[in-house]
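What follows is one structure encoded as structure tokens, with my remarks underneath.
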Amino acid sequence: MSTVYIRLNPQRTAGLQRAPLLERLLARADSSQRETDWRAAAFEVVSPSAALPAVAAVAQYADLGRVDRASVLMATPVHYVAAMSSVQLPVHGLVELDLAEAQALAEEFNRLWADDGVTLMAGRAGALYCAFDEPVRAQTADPQRASGKDIGEFLPTGTDAPRLRRLMSEIEMWLFEHAVNTMRAARNATPVSGLWLWGGGATLKELPQLMGWTAGRDVLFAAFPARTQYPSGAGSGVAVLEQTPGAEDWADAESRWLRPMLADLSAGRIEQARLSAGERCFNLSARWRWRFWRRPKSWWESFDDT
């Protein structure tokens, strides 16, 4: 089955705007289901016979090539906020570092943790990867899942979780009043409270082969050659959109991705389209046009699984 999977950016901020076409599609979908790991579902679309590789391993290999380490995790810079009885990751709590900042953190980290079998590596555009000399057996969560929530239920679990949690706590103490944060404060940039370790697995010797196309800047799918606009008639693919539905730039995303996808769906060039955000995915076939009696609601209500 040829399927196009579109991942939406649901940035939950004040003043969300309606997106009429998207809302009609969601209202008229064949079905929907909860997806706690949307990347696994999307990867199956473009590689149906292969298991999802570790997100960090794919991203690190595409960024830096093969490394002589057993396992690697993403080390995403985050800014925490302390609540009365918990620690939360705010909606805009993921922090982007420039290359100089990432390199400065990696250099100092590797001096301080030199004897612990762990290395912090800075990617070419400022991404950070935490590599271990030994396999790390733990289940971790994408920090986007913790956005706007108490981080407690999203921290690592499993055999090696205590090591990861301890390292994350030590990193928080290290970053407190760090020189990088001092420089960021001077230009009113969000400080880095910690590094969120996630997406880990064995390092790769090569990238997996895909049977479909990809587009967007997602940490996993950006590792593969990316399309800059919808490839009509190209079959199955995954597009990860940066634009928030209803925002000023949403019309561009709609014309470049949604409308061409619907044209392929109507013409039978693809059999299914999937629209995903948060932990909810909607499935559409060409029959969506027949369900004109279904009344749309705001797109953020459709994706709200709380």
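Just so we're on the same page: first chain in the structure tokens is A, next is B, and so on; residues restart at 1 for each chain, and ligands are numbered from 1 in the order they show up.
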Residue neighbourhood stretch 2-4 of chain A, 9 Å, only C-alpha atoms, exclusion window fewer than 2 positions, as a ChimeraX atom specification: /A:6,42,45-46,235-239,261,269-275
query: Tell me, which residues of stretch 49-164 of chain A carry DSSP helix (DSSP H, G or I), written as a ChimeraX atom specification?
result: /A:55-64,99-112,143-146,151-154,161-164
message: With only C-alpha atoms as the counted atoms, please give the residues lying no more than 10 Å from stretch 23-38 of chain A, apart from itself and same-chain residues fewer than 6 positions off, as an MDAnalysis selection string.
response: chainID A and resid 5 7 141:142 145 245 258 262 272:303 305
message: Report as a count of residues only all protein, DNA and RNA residues lying within 10 Å of stretch 48-65 of chain A, evaluated on only C-alpha atoms, omitting residues in the same chain fewer than 5 positions from it.
response: 44
field: Distance in Å - atom CA of A:Gly158 versus atom CA of A:Leu112
entry: 25.9 Å
Residues within 8 Å of A:Met168, please, as a JSON list (two decimals) with N, CA, C and O atoms, in the first residue's frame. Count only C-alpha atoms; anything in the same chain fewer than 2 positions from it doesn't count.
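New file around_4.json:
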[["chain", "number", "residue", "atom", "x", "y", "z"],
["A", 164, "LEU", "N", 21.88, 6.49, 33.49],
["A", 164, "LEU", "CA", 21.48, 7.64, 32.67],
["A", 164, "LEU", "C", 20.89, 8.75, 33.52],
["A", 164, "LEU", "O", 21.18, 9.94, 33.32],
["A", 165, "ARG", "N", 20.03, 8.39, 34.46],
["A", 165, "ARG", "CA", 19.42, 9.41, 35.33],
["A", 165, "ARG", "C", 20.49, 10.12, 36.15],
["A", 165, "ARG", "O", 20.43, 11.34, 36.33],
["A", 166, "ARG", "N", 21.45, 9.36, 36.66],
["A", 166, "ARG", "CA", 22.53, 9.96, 37.45],
["A", 166, "ARG", "C", 23.36, 10.92, 36.58],
["A", 166, "ARG", "O", 23.69, 12.03, 37.01],
["A", 170, "GLU", "N", 23.93, 14.91, 37.07],
["A", 170, "GLU", "CA", 25.26, 15.50, 37.15],
["A", 170, "GLU", "C", 25.44, 16.60, 36.11],
["A", 170, "GLU", "O", 26.07, 17.64, 36.38],
["A", 171, "ILE", "N", 24.88, 16.39, 34.93],
["A", 171, "ILE", "CA", 24.97, 17.40, 33.87],
["A", 171, "ILE", "C", 24.23, 18.67, 34.28],
["A", 171, "ILE", "O", 24.69, 19.79, 34.01],
["A", 172, "GLU", "N", 23.07, 18.51, 34.93],
["A", 172, "GLU", "CA", 22.34, 19.69, 35.40],
["A", 172, "GLU", "C", 23.19, 20.53, 36.34],
["A", 172, "GLU", "O", 23.23, 21.76, 36.24],
["A", 194, "GLY", "N", 19.84, 21.36, 31.19],
["A", 194, "GLY", "CA", 20.30, 19.97, 31.17],
["A", 194, "GLY", "C", 20.39, 19.45, 29.75],
["A", 194, "GLY", "O", 20.07, 20.14, 28.78],
["A", 195, "LEU", "N", 20.83, 18.21, 29.64],
["A", 195, "LEU", "CA", 20.86, 17.49, 28.37],
["A", 195, "LEU", "C", 19.95, 16.28, 28.50],
["A", 195, "LEU", "O", 20.16, 15.44, 29.38],
["A", 196, "TRP", "N", 18.94, 16.20, 27.65],
["A", 196, "TRP", "CA", 17.97, 15.11, 27.69],
["A", 196, "TRP", "C", 18.52, 13.96, 26.85],
["A", 196, "TRP", "O", 18.68, 14.08, 25.63],
["A", 197, "LEU", "N", 18.79, 12.83, 27.48],
["A", 197, "LEU", "CA", 19.36, 11.67, 26.81],
["A", 197, "LEU", "C", 18.24, 10.75, 26.33],
["A", 197, "LEU", "O", 17.43, 10.29, 27.14]]
